[in-house]
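Q: If it helps, the file is called input09.txt and holds compact mmCIF, C-alpha atoms and all ligand atoms:
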# COMPACT_ATOMS: atom_id res chain seq x y z
CA MET Q 1 -14.48 33.87 -10.06
CA GLU Q 2 -15.51 34.00 -6.40
CA ASP Q 3 -15.06 37.28 -4.57
CA ASN Q 4 -12.59 37.54 -1.73
CA LEU Q 5 -10.31 34.69 -2.73
CA PRO Q 6 -7.32 34.27 -0.43
CA VAL Q 7 -4.29 36.16 -1.69
CA ASN Q 8 -1.58 34.05 -0.09
CA VAL Q 9 -0.90 30.68 1.54
CA ARG Q 10 -1.33 32.08 5.05
CA GLU Q 11 -4.90 33.08 4.27
CA TYR Q 12 -5.60 29.58 2.98
CA GLN Q 13 -4.29 28.24 6.25
CA GLU Q 14 -6.75 30.46 8.14
CA LEU Q 15 -9.63 29.23 5.99
CA ALA Q 16 -8.55 25.63 6.49
CA GLU Q 17 -8.49 26.09 10.24
CA LYS Q 18 -12.07 27.34 10.13
CA ALA Q 19 -13.20 24.57 7.79
CA LEU Q 20 -11.66 21.55 9.52
CA PRO Q 21 -12.46 19.79 12.79
CA LYS Q 22 -9.74 20.64 15.30
CA MET Q 23 -8.39 17.07 15.35
CA TYR Q 24 -7.76 17.15 11.60
CA TYR Q 25 -6.38 20.68 11.48
CA ASP Q 26 -3.95 19.86 14.29
CA TYR Q 27 -2.89 16.67 12.51
CA ILE Q 28 -2.09 18.58 9.33
CA ASN Q 29 -0.56 21.66 10.91
CA GLY Q 30 1.35 20.07 13.77
CA GLY Q 31 4.93 18.95 14.16
CA ALA Q 32 6.97 16.83 16.56
CA GLU Q 33 7.44 17.55 20.28
CA ASP Q 34 8.41 21.22 20.95
CA GLU Q 35 7.80 22.05 17.29
CA HIS Q 36 11.19 23.79 17.19
CA THR Q 37 11.96 22.43 13.73
CA LEU Q 38 8.43 23.26 12.60
CA ARG Q 39 8.99 26.94 13.38
CA GLU Q 40 12.53 26.81 12.01
CA ASN Q 41 11.45 25.36 8.65
CA ILE Q 42 9.69 28.67 8.04
CA ALA Q 43 11.88 31.03 10.09
CA ALA Q 44 15.08 29.91 8.33
CA TYR Q 45 13.66 31.06 4.99
CA GLY Q 46 13.06 34.44 6.64
CA ARG Q 47 16.75 34.78 7.46
CA ILE Q 48 17.83 34.44 3.83
CA LEU Q 49 17.81 37.69 1.91
CA LEU Q 50 17.61 38.27 -1.81
CA ARG Q 51 20.13 40.18 -3.91
CA PRO Q 52 18.13 41.77 -6.69
CA ARG Q 53 19.81 42.54 -10.01
CA VAL Q 54 18.49 45.39 -12.09
CA LEU Q 55 18.31 46.67 -15.65
CA ILE Q 56 17.85 43.23 -17.13
CA ASP Q 57 15.02 42.77 -19.64
CA VAL Q 58 12.51 40.63 -17.75
CA SER Q 59 9.60 40.96 -20.16
CA LYS Q 60 9.67 37.17 -20.65
CA ILE Q 61 10.10 34.83 -17.70
CA ASN Q 62 10.29 31.08 -18.21
CA MET Q 63 9.79 29.08 -15.02
CA SER Q 64 9.68 25.66 -16.66
CA THR Q 65 12.05 22.91 -15.67
CA SER Q 66 12.28 19.15 -15.78
CA LEU Q 67 12.95 16.32 -13.39
CA LEU Q 68 14.19 12.89 -14.48
CA GLY Q 69 13.23 13.90 -18.00
CA TYR Q 70 9.67 14.96 -17.15
CA ASP Q 71 8.73 18.55 -17.91
CA MET Q 72 7.03 20.79 -15.37
CA SER Q 73 5.67 24.30 -15.80
CA SER Q 74 7.58 25.41 -12.70
CA PRO Q 75 9.86 23.91 -10.04
CA ILE Q 76 6.95 23.57 -7.58
CA MET Q 77 5.74 20.02 -6.96
CA VAL Q 78 3.16 18.46 -4.67
CA ALA Q 79 4.68 16.64 -1.68
CA PRO Q 80 3.21 13.34 -0.54
CA THR Q 81 0.82 13.87 2.35
CA GLY Q 82 -1.54 11.20 3.65
CA ALA Q 83 -5.31 11.03 3.89
CA HIS Q 84 -6.57 13.87 1.71
CA LYS Q 85 -10.16 12.86 2.40
CA LEU Q 86 -9.69 14.44 5.81
CA ALA Q 87 -9.71 17.73 3.90
CA ASN Q 88 -12.12 17.04 1.08
CA PRO Q 89 -14.38 14.12 0.09
CA GLU Q 90 -12.67 13.84 -3.30
CA GLY Q 91 -9.31 13.31 -1.60
CA GLU Q 92 -6.21 12.76 -3.72
CA VAL Q 93 -8.25 12.70 -6.93
CA ALA Q 94 -8.90 16.43 -6.43
CA THR Q 95 -5.23 17.06 -5.62
CA ALA Q 96 -4.06 15.11 -8.66
CA ARG Q 97 -6.36 17.14 -10.92
CA ALA Q 98 -5.04 20.36 -9.39
CA ALA Q 99 -1.45 19.23 -10.02
CA ALA Q 100 -2.31 18.22 -13.59
CA ALA Q 101 -3.96 21.59 -14.25
CA CYS Q 102 -0.75 23.27 -13.10
CA ASN Q 103 1.41 20.95 -15.20
CA THR Q 104 3.37 19.76 -12.27
CA ILE Q 105 4.30 16.47 -10.63
CA MET Q 106 2.35 15.10 -7.70
CA VAL Q 107 3.89 12.56 -5.37
CA LEU Q 108 1.06 10.31 -4.18
CA SER Q 109 1.37 9.26 -0.55
CA PHE Q 110 1.48 5.61 0.46
CA ALA Q 111 -1.10 6.65 3.07
CA SER Q 112 -3.51 8.17 0.54
CA SER Q 113 -7.23 7.93 1.16
CA CYS Q 114 -7.97 7.19 -2.51
CA LYS Q 115 -6.89 4.02 -4.25
CA ILE Q 116 -3.91 4.31 -6.60
CA GLU Q 117 -6.10 3.18 -9.49
CA GLU Q 118 -8.62 5.97 -8.86
CA VAL Q 119 -5.88 8.60 -8.79
CA ALA Q 120 -4.20 7.13 -11.88
CA SER Q 121 -7.40 7.24 -13.92
CA SER Q 122 -8.51 10.69 -12.70
CA CYS Q 123 -6.25 12.75 -14.97
CA ASN Q 124 -3.09 12.71 -17.03
CA ALA Q 125 -0.65 14.11 -14.51
CA ILE Q 126 2.89 12.85 -14.17
CA ARG Q 127 2.93 11.10 -10.83
CA PHE Q 128 5.51 9.64 -8.51
CA TYR Q 129 4.60 7.15 -5.79
CA GLN Q 130 5.80 7.57 -2.21
CA LEU Q 131 6.64 4.40 -0.33
CA TYR Q 132 6.73 3.44 3.31
CA VAL Q 133 8.40 0.13 3.99
CA TYR Q 134 6.12 -2.01 6.09
CA LYS Q 135 7.05 -5.00 8.20
CA ARG Q 136 4.81 -6.76 5.74
CA ARG Q 137 7.17 -6.36 2.78
CA ASP Q 138 4.63 -7.98 0.50
CA VAL Q 139 2.25 -5.05 1.09
CA SER Q 140 4.91 -2.49 0.14
CA ALA Q 141 6.07 -4.59 -2.83
CA THR Q 142 2.53 -5.05 -4.14
CA LEU Q 143 1.89 -1.33 -4.06
CA VAL Q 144 5.17 -0.55 -5.84
CA ARG Q 145 4.27 -2.99 -8.60
CA ARG Q 146 0.76 -1.55 -8.86
CA ALA Q 147 2.12 1.98 -9.11
CA GLU Q 148 4.59 0.89 -11.77
CA SER Q 149 1.93 -0.84 -13.85
CA LEU Q 150 -0.36 2.21 -13.55
CA GLY Q 151 2.24 4.49 -15.10
CA PHE Q 152 3.77 6.17 -12.06
CA LYS Q 153 7.20 7.40 -13.10
CA ALA Q 154 9.31 7.11 -9.93
CA ILE Q 155 9.30 5.77 -6.40
CA VAL Q 156 9.94 8.21 -3.56
CA LEU Q 157 11.21 6.14 -0.65
CA THR Q 158 10.66 7.96 2.64
CA VAL Q 159 13.69 7.21 4.78
CA ASP Q 160 13.04 9.42 7.81
CA THR Q 161 10.24 7.35 9.28
CA PRO Q 162 11.46 3.97 10.56
CA VAL Q 163 9.28 4.87 13.56
CA LEU Q 164 6.73 7.64 13.91
CA GLY Q 165 7.75 10.99 15.43
CA ARG Q 166 6.01 12.11 18.59
CA ARG Q 167 3.25 14.48 17.57
CA GLU Q 168 1.75 15.68 20.77
CA ALA Q 169 -1.32 17.35 19.30
CA ASP Q 170 -2.35 14.00 17.84
CA ILE Q 171 -1.70 12.25 21.11
CA ARG Q 172 -3.79 14.83 22.99
CA ASN Q 173 -6.59 14.70 20.42
CA LYS Q 174 -6.48 10.88 20.26
CA MET Q 175 -6.23 11.35 16.54
CA ILE Q 176 -8.19 8.81 14.56
CA PHE Q 177 -6.41 8.14 11.29
CA PRO Q 178 -8.60 6.75 8.54
CA GLN Q 179 -7.16 3.51 7.25
CA PRO Q 180 -5.22 4.19 4.05
CA GLY Q 181 -7.23 3.17 0.98
CA ASN Q 182 -4.55 1.03 -0.62
CA VAL Q 183 -3.42 -0.77 2.49
CA VAL Q 184 -6.76 -1.96 3.89
CA ASP Q 185 -7.33 -4.48 1.13
CA LEU Q 186 -3.89 -5.99 1.50
CA MET Q 187 -3.59 -6.61 5.20
CA SER Q 188 -6.00 -7.23 7.98
CA LEU Q 189 -5.42 -4.57 10.59
CA ASP Q 190 -6.03 -4.99 14.27
CA ASN Q 191 -9.74 -5.62 14.90
CA ASP Q 192 -10.04 -2.80 17.38
CA LEU Q 193 -8.73 -0.41 14.79
CA GLY Q 194 -11.09 -1.77 12.17
CA ALA Q 195 -14.08 -1.57 14.46
CA GLU Q 196 -13.78 2.21 14.69
CA GLY Q 197 -13.29 2.48 10.93
CA GLY Q 198 -10.03 4.23 11.67
CA SER Q 199 -7.03 3.97 13.89
CA LYS Q 200 -5.03 5.90 16.36
CA LEU Q 201 -2.12 7.05 14.27
CA GLU Q 202 0.69 6.03 16.59
CA GLN Q 203 -0.72 2.59 17.16
CA PHE Q 204 -1.24 2.14 13.44
CA ALA Q 205 2.34 3.22 12.69
CA ARG Q 206 3.75 0.93 15.38
CA GLU Q 207 1.95 -2.05 13.87
CA THR Q 208 2.92 -1.38 10.30
CA LEU Q 209 6.22 0.52 9.86
CA ASP Q 210 9.43 -1.50 9.75
CA PRO Q 211 11.99 0.00 12.15
CA SER Q 212 14.72 -2.22 10.66
CA LEU Q 213 14.63 -0.16 7.44
CA SER Q 214 18.25 0.24 6.25
CA TRP Q 215 20.44 0.90 3.21
CA LYS Q 216 20.01 -2.80 2.31
CA ASP Q 217 16.36 -2.07 1.66
CA VAL Q 218 17.27 0.36 -1.10
CA GLU Q 219 18.85 -2.67 -2.78
CA TRP Q 220 15.69 -4.66 -2.13
CA LEU Q 221 13.57 -1.92 -3.65
CA LYS Q 222 15.81 -1.77 -6.70
CA SER Q 223 15.36 -5.51 -7.11
CA ILE Q 224 11.57 -5.24 -7.30
CA THR Q 225 11.15 -2.20 -9.55
CA SER Q 226 12.77 -0.71 -12.59
CA LEU Q 227 11.51 2.77 -11.70
CA PRO Q 228 14.01 5.41 -10.54
CA ILE Q 229 14.13 5.74 -6.76
CA LEU Q 230 14.40 9.06 -4.94
CA LEU Q 231 15.26 9.08 -1.24
CA LYS Q 232 13.17 11.51 0.80
CA GLY Q 233 14.26 12.61 4.24
CA ILE Q 234 17.98 13.31 3.96
CA VAL Q 235 19.50 16.33 5.72
CA THR Q 236 23.21 15.51 6.00
CA ALA Q 237 26.15 15.33 3.58
CA GLU Q 238 27.01 11.85 4.89
CA ASP Q 239 23.64 10.37 3.98
CA ALA Q 240 23.50 12.30 0.71
CA ARG Q 241 26.77 10.66 -0.39
CA LYS Q 242 25.47 7.25 0.64
CA ALA Q 243 22.27 7.86 -1.29
CA VAL Q 244 24.23 8.52 -4.47
CA GLU Q 245 26.40 5.43 -3.85
CA ALA Q 246 23.25 3.38 -3.31
CA GLY Q 247 22.04 4.38 -6.77
CA ALA Q 248 19.34 6.87 -5.84
CA ALA Q 249 18.04 8.84 -8.82
CA GLY Q 250 17.43 11.86 -6.62
CA VAL Q 251 17.74 13.14 -3.07
CA ILE Q 252 14.96 15.00 -1.29
CA VAL Q 253 16.10 17.21 1.55
CA SER Q 254 13.21 16.86 3.97
CA ASN Q 255 12.49 16.58 7.67
CA HIS Q 256 8.97 15.33 6.97
CA GLY Q 257 7.52 18.76 7.54
CA ALA Q 258 9.10 18.73 11.04
CA ARG Q 259 6.87 15.83 12.07
CA GLN Q 260 9.64 13.32 12.84
CA LEU Q 261 12.80 14.43 14.68
CA ASP Q 262 12.41 17.71 16.50
CA TYR Q 263 15.63 19.80 16.51
CA ALA Q 264 16.57 18.42 13.11
CA PRO Q 265 17.78 21.33 10.99
CA ALA Q 266 15.44 23.45 8.94
CA THR Q 267 15.56 21.96 5.48
CA ILE Q 268 16.59 25.19 3.75
CA SER Q 269 19.57 25.35 6.17
CA ALA Q 270 20.59 21.78 5.28
CA LEU Q 271 20.11 22.14 1.53
CA GLU Q 272 23.50 23.54 0.59
CA GLU Q 273 25.41 20.88 2.52
CA VAL Q 274 23.51 18.17 0.65
CA VAL Q 275 23.87 19.88 -2.73
CA LYS Q 276 27.63 20.08 -2.25
CA ALA Q 277 27.87 16.43 -1.21
CA VAL Q 278 25.81 15.25 -4.16
CA ALA Q 279 27.98 17.37 -6.48
CA GLY Q 280 25.58 17.29 -9.39
CA ALA Q 281 25.41 13.48 -9.55
CA VAL Q 282 21.61 13.49 -9.15
CA PRO Q 283 18.94 16.17 -8.71
CA VAL Q 284 18.34 17.49 -5.21
CA LEU Q 285 14.84 18.58 -4.14
CA VAL Q 286 13.78 20.22 -0.92
CA ASP Q 287 10.54 20.45 1.03
CA GLY Q 288 9.41 21.96 4.33
CA GLY Q 289 8.29 25.49 5.07
CA VAL Q 290 7.81 26.72 1.51
CA ARG Q 291 5.04 29.31 1.80
CA ARG Q 292 6.07 31.98 -0.72
CA GLY Q 293 7.45 32.19 -4.23
CA THR Q 294 10.50 33.90 -2.72
CA ASP Q 295 11.07 30.69 -0.71
CA VAL Q 296 11.10 28.70 -3.94
CA PHE Q 297 13.55 31.21 -5.40
CA LYS Q 298 15.84 30.86 -2.37
CA ALA Q 299 15.78 27.06 -2.66
CA LEU Q 300 16.71 27.26 -6.34
CA ALA Q 301 19.52 29.69 -5.55
CA LEU Q 302 20.91 27.25 -2.99
CA GLY Q 303 20.95 24.43 -5.51
CA ALA Q 304 17.55 22.73 -5.45
CA LYS Q 305 16.18 21.47 -8.74
CA ALA Q 306 12.64 21.92 -7.42
CA VAL Q 307 10.67 22.24 -4.20
CA MET Q 308 7.72 20.24 -2.94
CA VAL Q 309 4.88 21.74 -0.92
CA GLY Q 310 2.87 19.75 1.61
CA ARG Q 311 0.63 21.69 3.99
CA PRO Q 312 -0.14 24.59 1.63
CA VAL Q 313 -1.81 22.21 -0.84
CA PHE Q 314 -3.63 20.45 1.99
CA PHE Q 315 -4.91 23.84 3.23
CA GLY Q 316 -6.08 24.77 -0.27
CA LEU Q 317 -7.90 21.46 -0.52
CA ALA Q 318 -9.57 21.93 2.86
CA ALA Q 319 -10.65 25.48 2.06
CA ARG Q 320 -11.85 25.14 -1.53
CA GLY Q 321 -11.33 21.56 -2.77
CA GLU Q 322 -9.61 21.02 -6.11
CA ALA Q 323 -9.89 24.74 -6.98
CA GLY Q 324 -8.17 25.67 -3.72
CA ALA Q 325 -5.30 23.23 -4.20
CA ARG Q 326 -4.86 24.53 -7.73
CA HIS Q 327 -5.00 28.16 -6.62
CA VAL Q 328 -2.32 27.56 -3.98
CA ILE Q 329 0.09 26.16 -6.58
CA GLU Q 330 -0.77 28.98 -9.00
CA MET Q 331 -0.20 31.65 -6.35
CA LEU Q 332 3.21 30.21 -5.52
CA LYS Q 333 4.05 30.11 -9.22
CA ASN Q 334 2.99 33.74 -9.68
CA GLU Q 335 5.02 34.78 -6.66
CA LEU Q 336 8.05 32.91 -8.02
CA GLU Q 337 7.65 34.63 -11.36
CA LEU Q 338 7.60 38.00 -9.62
CA ALA Q 339 10.67 37.17 -7.53
CA MET Q 340 12.53 36.04 -10.65
CA ALA Q 341 11.60 39.23 -12.49
CA LEU Q 342 12.68 41.47 -9.62
CA CYS Q 343 15.95 39.56 -9.24
CA GLY Q 344 16.62 39.80 -12.98
CA CYS Q 345 16.31 36.07 -13.68
CA ARG Q 346 14.52 35.05 -16.87
CA SER Q 347 14.82 31.30 -16.42
CA VAL Q 348 15.40 28.96 -13.50
CA ALA Q 349 18.91 28.39 -14.86
CA GLU Q 350 19.63 32.06 -14.28
CA VAL Q 351 18.88 31.82 -10.56
CA THR Q 352 22.29 31.48 -8.93
CA ARG Q 353 23.94 31.34 -5.52
CA ALA Q 354 24.84 35.01 -5.95
CA HIS Q 355 21.15 35.97 -5.75
CA VAL Q 356 20.89 35.13 -2.04
CA LEU Q 357 22.58 36.16 1.15
CA THR Q 358 22.44 33.54 3.90
CA GLU Q 359 23.29 33.98 7.56
CA GLY Q 360 26.56 32.16 6.90
CA ASP Q 361 27.45 34.67 4.19
CA ARG Q 362 26.81 37.56 6.57
CA ILE Q 363 29.06 36.08 9.27
CA ARG Q 364 31.94 35.42 6.89
C1 LIG F 401 3.20 14.64 5.53
N1 LIG F 401 4.39 14.15 4.98
C2 LIG F 401 4.43 12.87 4.47
N2 LIG F 401 5.57 12.40 3.90
C3 LIG F 401 5.60 11.16 3.35
O1 LIG F 401 6.63 10.77 2.82
N3 LIG F 401 4.47 10.37 3.38
C4 LIG F 401 3.31 10.76 3.93
O2 LIG F 401 2.32 10.03 3.92
C5 LIG F 401 3.28 12.05 4.53
N4 LIG F 401 2.14 12.50 5.13
C6 LIG F 401 2.08 13.79 5.59
C7 LIG F 401 0.87 14.28 6.11
C8 LIG F 401 0.79 15.60 6.50
C9 LIG F 401 -0.52 16.12 7.02
C10 LIG F 401 1.92 16.45 6.42
C11 LIG F 401 1.82 17.90 6.82
C12 LIG F 401 3.10 15.97 5.94
C13 LIG F 401 5.57 15.04 4.80
C14 LIG F 401 5.48 15.78 3.46
O3 LIG F 401 5.77 14.92 2.38
C15 LIG F 401 6.49 16.93 3.35
O4 LIG F 401 7.76 16.46 3.68
C16 LIG F 401 6.13 18.10 4.25
O5 LIG F 401 4.74 18.31 4.29
C17 LIG F 401 6.81 19.38 3.75
O6 LIG F 401 6.62 20.42 4.62
P1 LIG F 401 5.47 21.55 4.44
O7 LIG F 401 5.42 21.91 2.97
O8 LIG F 401 4.21 20.90 4.90
O9 LIG F 401 5.94 22.63 5.33
Using structure tokens, write down the structure from this file.
A:
Amino acid sequence: MEDNLPVNVREYQELAEKALPKMYYDYINGGAEDEHTLRENIAAYGRILLRPRVLIDVSKINMSTSLLGYDMSSPIMVAPTGAHKLANPEGEVATARAAAACNTIMVLSFASSCKIEEVASSCNAIRFYQLYVYKRRDVSATLVRRAESLGFKAIVLTVDTPVLGRREADIRNKMIFPQPGNVVDLMSLDNDLGAEGGSKLEQFARETLDPSLSWKDVEWLKSITSLPILLKGIVTAEDARKAVEAGAAGVIVSNHGARQLDYAPATISALEEVVKAVAGAVPVLVDGGVRRGTDVFKALALGAKAVMVGRPVFFGLAARGEAGARHVIEMLKNELELAMALCGCRSVAEVTRAHVLTEGDRIR
């Protein structure tokens, strides 16, 4: 084991900042506009307190859970984030191996650097595939079919990005986004973009993303795949109910890591509203701002089946490659185990609403 390994996610972030060119670090770390929601995603966790229960035998803690019938060693999954080769030359292959080593599910981004085939053959992880709907429907449909035939178990349709949020750090840095590995073969991108071997992110998004994305497209997606479909990017009860009506197999409370609509609510603040609206019909996941095992615990207490982590895994990858990504997930798991023990919970099923005190509870 190396000496002086980071002891928490924040230290991985510091290492990542040192390791990465500024343009890439800003792209990963940044959020939309004033970055209000970015700060809130983390700050809102800080306003939720834990209610420890004592004198319960916690000599055995079981963190395992399952999602859509697939077992995981803990309720901590890898969120889809694009272009992992910005952080490490092995890209998503390294991330997938880290997820497999931790026995958890990785959601592979539509904008991955590595080809789906490479990731699929790299290890035996359970994987879901995240989808953006492009104006060129054939490109999106082809990738869904490829994911399905390569053994991906679910499609995660990102619904909060009909257009790209305004990320000012990227605009200032004239961020060059490497062309996503799976997309380049399927569509010829603007020559200017190709000539640089990359593209300015906003321009790329404007050319590709379909702003007409609507509930009808969930029907379309269901017509081209037999995989379960989770909708990622829901933060209101209204949309959560519609998602269930539309036949979603799961709802992911997400604001895209605060990279889309600034002043959208922190996801942990929106979670309970969505959980109530879904009323147990399908599992509800949450992502955004999870940096500690206690955050995972709070999300479980407020009704999440599992959380997904985005930037922390990216930071681990940038700092120490596959080993770093793996260590980040392991640290979060260990922290969750500790939080469960100190709250007197021996299984995720024993984590209840009564274990947390939210701001709303304090006002009432
Ligand atoms: C993202 N996210 C994202 N989401 C998605 O559906 N498809 C994608 O390709 C990406 N790409 C992406 C890149 C980077 C650098 C970041 C930081 C995020 C959003 C991601 O899935 C997730 O919602 C957030 O990352 C969760 O917030 P935290 O954990 O980063 O705070």
Q: For range 128-156 of chain Q versus range 161-177 of chain Q, which residues have an atom no more than 12 Å away, and what is each residue's nearest atom pair and distance in Å rounded to one decimal, using only C-alpha atoms, chain-then-number order, as CSV?
A:
residue,atom,partner,partner_atom,distance
Q:Leu131,CA,Q:Thr161,CA,10.7
Q:Tyr132,CA,Q:Thr161,CA,8.0
Q:Val133,CA,Q:Pro162,CA,8.2
Q:Tyr134,CA,Q:Pro162,CA,9.2
Q:Lys135,CA,Q:Pro162,CA,10.3
Q: Find the residues near range 270-280 of chain Q: any atom within 8 Å, counting only C-alpha atoms, skip ones fewer than 2 places away on the same chain, and give them as a JSON list (two decimals) with C-alpha atoms, keeping the file's coordinate frame.
A:
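And here is the file that came out, selection_27.json:
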[["chain", "number", "residue", "atom", "x", "y", "z"],
["Q", 235, "VAL", "CA", 19.50, 16.33, 5.72],
["Q", 236, "THR", "CA", 23.21, 15.51, 6.00],
["Q", 237, "ALA", "CA", 26.15, 15.33, 3.58],
["Q", 238, "GLU", "CA", 27.01, 11.85, 4.89],
["Q", 240, "ALA", "CA", 23.50, 12.30, 0.71],
["Q", 241, "ARG", "CA", 26.77, 10.66, -0.39],
["Q", 244, "VAL", "CA", 24.23, 8.52, -4.47],
["Q", 253, "VAL", "CA", 16.10, 17.21, 1.55],
["Q", 265, "PRO", "CA", 17.78, 21.33, 10.99],
["Q", 266, "ALA", "CA", 15.44, 23.45, 8.94],
["Q", 267, "THR", "CA", 15.56, 21.96, 5.48],
["Q", 268, "ILE", "CA", 16.59, 25.19, 3.75],
["Q", 282, "VAL", "CA", 21.61, 13.49, -9.15],
["Q", 283, "PRO", "CA", 18.94, 16.17, -8.71],
["Q", 284, "VAL", "CA", 18.34, 17.49, -5.21],
["Q", 286, "VAL", "CA", 13.78, 20.22, -0.92],
["Q", 299, "ALA", "CA", 15.78, 27.06, -2.66],
["Q", 302, "LEU", "CA", 20.91, 27.25, -2.99],
["Q", 303, "GLY", "CA", 20.95, 24.43, -5.51],
["Q", 304, "ALA", "CA", 17.55, 22.73, -5.45]]
Q: Take the point (-3.1, 24.6, 6.8) in the file's coordinates, draw a sphere of radius 7 Å around it, and report as JSON, numbers by chain every protein, DNA or RNA residue with an atom inside or on it, counting only C-alpha atoms.
A: {"Q": [12, 13, 16, 17, 25, 28, 29, 311, 312, 314, 315]}
Q: For range 320-322 of chain Q, find every residue with an atom within 10 Å (counting only C-alpha atoms), except residues of its own chain fewer than 6 positions away, and show them as a PyMOL selection string.
A: chain Q and resi 5+12+15-16+19+87-99+101+313-314
Q: Which residues come within 8 Å of Glu337 in chain Q, counting all atoms listed in the file, excluding same-chain residues fewer than 6 positions away, as an MDAnalysis selection string?
A: chainID Q and resid 61 63 293
Q: Neighbouring residues of ligand LIG 401 (chain F) are defined here as those with any atom at most 8 Å from a ligand atom, counting all atoms listed in the file; list them as a VMD selection string.
A: chain Q and resid 27 to 30 38 41 to 42 79 to 83 109 to 112 130 to 132 156 to 158 232 to 233 254 to 259 287 to 291 308 to 312 314
Q: Separation of CA of Val139 in chain Q and CA of Met106 in chain Q, in Å?
A: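 Distance between the two atoms: 22.0 Å.
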Q: Between CA of Pro75 in chain Q and CA of Lys305 in chain Q, measure the distance and give it in Å to one decimal.
A: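 Answer for the CA of Pro75 in chain Q to CA of Lys305 in chain Q separation: 6.9 Å.
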Q: With only C-alpha atoms as the basis for distance, which of Q:Phe128, Q:Val58, Q:Ala141, Q:Asn182 is at the shortest distance from Ser113 in chain Q?
A: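 Closest to Ser113 in chain Q of all the choices is Q:Asn182.
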Q: Considering only C-alpha atoms, return as a list in words whatever protein or nucleic-acid residues lie within 8 Å of Ile76 in chain Q, sequence-local ones (same chain, fewer than 6 positions apart) excluded.
A: Thr104, Val296, Ala306, Val307, Met308, Val309, Ile329, Leu332 and Lys333 of chain Q
Q: Between Q:Asp210, Q:Asp160, Q:Glu118, Q:Glu359, single out the one closest to Leu50 in chain Q, counting all atoms listed in the file.
A: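 Nearest candidate to Leu50 in chain Q out of Q:Asp210, Q:Asp160, Q:Glu118, Q:Glu359: Q:Glu359.
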Q: Distance CA of Val348 in chain Q-CA of Ile105 in chain Q, one decimal place?
A: 17.0 Å
Q: Which residue, Q:Ile116, Q:Val54, Q:Leu86, Q:Leu49, has the smallest gap to Glu148 in chain Q when you use all atoms listed in the file?
A: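 The shortest atom-to-atom distance to Glu148 in chain Q comes from Q:Ile116.
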Q: Smallest atom-to-atom distance to Ala32 in chain Q: which of Q:Gln179, Q:Gln260, Q:Thr294, Q:Asn8, using all atoms listed in the file?
A: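 That would be Q:Gln260, the residue with the smallest distance to Ala32 in chain Q.
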Q: Using all atoms listed in the file for the distances, tell me which of Q:Leu336, Q:Cys343, Q:Leu201, Q:Val328 is nearest to Tyr24 in chain Q.
A: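 Distance minimum relative to Tyr24 in chain Q lands on Q:Leu201.
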Q: May I have the residues within 6 Å of Met72 in chain Q as a PDB file with C-alpha atoms, in the frame of the given file, using all atoms listed in the file and disregarding those fewer than 2 positions away in the same chain?
A:
ATOM      1  CA  SER Q  64       9.680  25.660 -16.660  1.00  0.00           C
ATOM      2  CA  THR Q  65      12.050  22.910 -15.670  1.00  0.00           C
ATOM      3  CA  SER Q  66      12.280  19.150 -15.780  1.00  0.00           C
ATOM      4  CA  SER Q  74       7.580  25.410 -12.700  1.00  0.00           C
ATOM      5  CA  ASN Q 103       1.410  20.950 -15.200  1.00  0.00           C
ATOM      6  CA  THR Q 104       3.370  19.760 -12.270  1.00  0.00           C
TER       7      THR Q 104
END
Q: Between Q:Ser269, Q:Thr225, Q:Asn334, Q:Gln203, single out the one closest to Leu143 in chain Q, counting all atoms listed in the file.
A: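 Smallest separation from Leu143 in chain Q among the options: Q:Thr225.
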Q: If I only have part of range 137-145 of chain Q, can you fill in N, CA and C atoms and write it as a tab-separated table (two decimals), in the frame of the given file?
A:
chain	number	residue	atom	x	y	z
Q	137	ARG	N	6.54	-6.80	4.03
Q	137	ARG	CA	7.17	-6.36	2.78
Q	137	ARG	C	6.27	-6.60	1.57
Q	138	ASP	N	5.48	-7.67	1.66
Q	138	ASP	CA	4.63	-7.98	0.50
Q	138	ASP	C	3.64	-6.85	0.22
Q	139	VAL	N	3.20	-6.16	1.28
Q	139	VAL	CA	2.25	-5.05	1.09
Q	139	VAL	C	2.95	-3.91	0.35
Q	140	SER	N	4.16	-3.56	0.81
Q	140	SER	CA	4.91	-2.49	0.14
Q	140	SER	C	5.23	-2.89	-1.30
Q	141	ALA	N	5.67	-4.13	-1.48
Q	141	ALA	CA	6.07	-4.59	-2.83
Q	141	ALA	C	4.87	-4.58	-3.78
Q	142	THR	N	3.73	-5.02	-3.28
Q	142	THR	CA	2.53	-5.05	-4.14
Q	142	THR	C	2.18	-3.65	-4.61
Q	143	LEU	N	2.27	-2.69	-3.70
Q	143	LEU	CA	1.89	-1.33	-4.06
Q	143	LEU	C	2.90	-0.70	-5.03
Q	144	VAL	N	4.17	-1.03	-4.87
Q	144	VAL	CA	5.17	-0.55	-5.84
Q	144	VAL	C	4.85	-1.10	-7.22
Q	145	ARG	N	4.55	-2.38	-7.29
Q	145	ARG	CA	4.27	-2.99	-8.60
Q	145	ARG	C	3.00	-2.40	-9.21
